[in-house]
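What follows is one structure encoded as structure tokens, with my remarks underneath.
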Amino acid sequence: MKIIAGQAKGLPLLVPKGEVRPTQDRVREALFGILQSVVPGAHVLDLFCGTGSVGLEALSRGAARACMVDASRSACQTARHNMERSKLPGGSIVQSDCLAFTRRERATYDLIFADPPYCKAPGDRDMIAELLLGRVRELLRENGLFIAEAQLGYGVGDARTREFPGWELIDARSYGKNTLLFYRPESSAS
């Protein structure tokens, strides 16, 4: 796993064993290919950041700020180490439950990315749905995007449950079993 493009291109990222499931390089490359025109100068929130790969990729590609949040102490230590090694300015690491973070956060962001644990069985907690039904909308700037990574299966990973009140699903891209879902608040949809 490495930073794919930009100022820190090629930097290998440390990944803690067993605790995180980082966004695959090919999925990250596709994501940033789609977002290439909006990342420069953007303020990015990377929820369930794990290694920090999405936030660091954004900084490497010219984002002004990237706040990376994870509940795991080990993940935050790894993300912090990766950020220090990258020498990219504008990053911050916050150890917090991501849903609790969105309830108390007051800053706003151009891009919010969430890659929570996948729903693999009926009844699994669907954190993407909780975010979309919660306060995350208030954290988006005008024309901001909320992007979620889900896996084919249950919860938001089931194509029948991807619509949420107040949100427009503007794009969905699949990469094997993984899907990137792009949402915009309905009031700012063009």
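Simple scheme: letters A, B, ... for chains in structure tokens order, numbers from 1 for residues in each chain, numbers from 1 for ligands in the order shown.
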Shell of 6 Å around Leu140 of chain A, only C-alpha atoms, local chain residues under 5 positions omitted, as a PDB file with N, CA and C atoms, in the first residue's frame:
ATOM      1  N   THR A 108     -16.434  22.575   8.830  1.00  0.00           N
ATOM      2  CA  THR A 108     -17.116  22.073   7.635  1.00  0.00           C
ATOM      3  C   THR A 108     -16.085  21.613   6.608  1.00  0.00           C
ATOM      4  N   TYR A 109     -16.536  20.760   5.707  1.00  0.00           N
ATOM      5  CA  TYR A 109     -15.634  20.081   4.780  1.00  0.00           C
ATOM      6  C   TYR A 109     -16.225  20.070   3.373  1.00  0.00           C
ATOM      7  N   ASP A 110     -15.326  20.046   2.399  1.00  0.00           N
ATOM      8  CA  ASP A 110     -15.738  19.908   0.998  1.00  0.00           C
ATOM      9  C   ASP A 110     -16.006  18.449   0.655  1.00  0.00           C
TER      10      ASP A 110
END
(request) Looking only at strand (DSSP E) from DSSP on the backbone, list the matching residues of segment 19-120 of chain A as a list of chain:residue names. (result) A:His43, A:Val44, A:Leu45, A:Asp46, A:Leu47, A:Arg65, A:Ala66, A:Cys67, A:Met68, A:Val69, A:Asp70, A:Gly91, A:Ser92, A:Ile93, A:Val94, A:Gln95, A:Tyr109, A:Asp110, A:Leu111, A:Ile112, A:Phe113, A:Ala114
(message) Just want the 7 Å neighbourhood of Ser60 of chain A, counted on only C-alpha atoms, with same-chain residues fewer than 2 positions away dropped. Output as an NGL selection string.
(response) :A and (5-8 or 56-58 or 62 or 88)
(request) Would you mind listing what lies within 8 Å of segment 33-47 of chain A as an NGL selection string, with only C-alpha atoms counted and same-chain residues fewer than 4 positions away left out? (result) :A and (29 or 52 or 54-55 or 58 or 61-70 or 98 or 108-116)
Keeping only C-alpha atoms, take the residues you just selected and write them out as a PDB file, in the first residue's frame.
ATOM      1  CA  GLU A  29      -6.833   5.584  -7.444  1.00  0.00           C
ATOM      2  CA  GLY A  52      -4.870   7.496   6.945  1.00  0.00           C
ATOM      3  CA  VAL A  54      -7.439   8.530   1.968  1.00  0.00           C
ATOM      4  CA  GLY A  55      -6.609  11.684   3.944  1.00  0.00           C
ATOM      5  CA  ALA A  58      -5.890  13.961  -0.577  1.00  0.00           C
ATOM      6  CA  ARG A  61      -2.870  15.744  -4.309  1.00  0.00           C
ATOM      7  CA  GLY A  62      -3.222  19.292  -2.990  1.00  0.00           C
ATOM      8  CA  ALA A  63      -5.984  19.286  -0.379  1.00  0.00           C
ATOM      9  CA  ALA A  64      -5.557  22.169   2.076  1.00  0.00           C
ATOM     10  CA  ARG A  65      -6.593  20.140   5.131  1.00  0.00           C
ATOM     11  CA  ALA A  66      -7.380  16.545   5.995  1.00  0.00           C
ATOM     12  CA  CYS A  67      -8.817  15.527   9.349  1.00  0.00           C
ATOM     13  CA  MET A  68      -8.475  11.760   9.850  1.00  0.00           C
ATOM     14  CA  VAL A  69     -10.638  10.143  12.535  1.00  0.00           C
ATOM     15  CA  ASP A  70     -10.652   6.615  13.941  1.00  0.00           C
ATOM     16  CA  CYS A  98     -16.570   8.572  14.224  1.00  0.00           C
ATOM     17  CA  THR A 108     -17.116  22.073   7.635  1.00  0.00           C
ATOM     18  CA  TYR A 109     -15.634  20.081   4.780  1.00  0.00           C
ATOM     19  CA  ASP A 110     -15.738  19.908   0.998  1.00  0.00           C
ATOM     20  CA  LEU A 111     -15.329  16.134   0.982  1.00  0.00           C
ATOM     21  CA  ILE A 112     -16.258  13.613   3.642  1.00  0.00           C
ATOM     22  CA  PHE A 113     -15.147  10.027   3.116  1.00  0.00           C
ATOM     23  CA  ALA A 114     -16.336   7.132   5.281  1.00  0.00           C
ATOM     24  CA  ASP A 115     -15.100   3.551   5.126  1.00  0.00           C
ATOM     25  CA  PRO A 116     -16.673   1.918   8.199  1.00  0.00           C
TER      26      PRO A 116
END
(message) Just list as a PyMOL selection string whatever in chain A DSSP marks as alpha helix (DSSP H).
(response) chain A and resi 25-34+53-60+73-86+98-104+127-133
(request) Identify, on the basis of only C-alpha atoms, every residue whose closest approach to Val15 of chain A does not exceed 10 Å; exclude the query and any residue fewer than 6 positions from it along the same chain; express the result as a ChimeraX atom specification. (result) /A:1,21-22,50-53,74-75,78-79,82
Restricting it to C-alpha atoms, dump the selection as a PDB file, in the first residue's frame.
ATOM      1  CA  MET A   1       0.000   0.000   0.000  1.00  0.00           C
ATOM      2  CA  ARG A  21      -9.024  -2.924   6.216  1.00  0.00           C
ATOM      3  CA  PRO A  22      -7.455  -0.096   4.224  1.00  0.00           C
ATOM      4  CA  GLY A  50      -7.389   3.317   9.514  1.00  0.00           C
ATOM      5  CA  THR A  51      -3.946   3.967   8.042  1.00  0.00           C
ATOM      6  CA  GLY A  52      -4.870   7.496   6.945  1.00  0.00           C
ATOM      7  CA  SER A  53      -4.486   6.492   3.294  1.00  0.00           C
ATOM      8  CA  SER A  74      -3.471   1.620  17.061  1.00  0.00           C
ATOM      9  CA  ALA A  75      -4.983   2.915  13.806  1.00  0.00           C
ATOM     10  CA  THR A  78      -0.285   4.223  12.425  1.00  0.00           C
ATOM     11  CA  ALA A  79      -2.002   7.114  10.619  1.00  0.00           C
ATOM     12  CA  ASN A  82       2.308   7.686   8.078  1.00  0.00           C
TER      13      ASN A  82
END
(message) Residues near Gly176 of chain A, anyone? I mean within 10 Å using only C-alpha atoms, not counting same-chain ones fewer than 2 positions away, as a PyMOL selection string.
(response) chain A and resi 27+151-152+173-174+178-179
(message) Calculated over only C-alpha atoms, which of the candidates A:Pro16, A:Arg104, A:His81, A:Ala71 has the smallest distance to Pro117 of chain A?
(response) A:Ala71
(request) Would you mind telling me which residue in A:Leu180, A:Leu169, A:Leu99, A:Cys76 lies nearest to Gly134 of chain A when using only C-alpha atoms? (result)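 When distances to Gly134 of chain A are compared using only C-alpha atoms, the smallest one comes from A:Leu99.
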(message) What's the separation between atom CA of Glu168 of chain A and atom CA of Leu139 of chain A, in Å to one decimal place?
(response)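 Atom CA of Leu139 of chain A lies 16.1 Å from atom CA of Glu168 of chain A.
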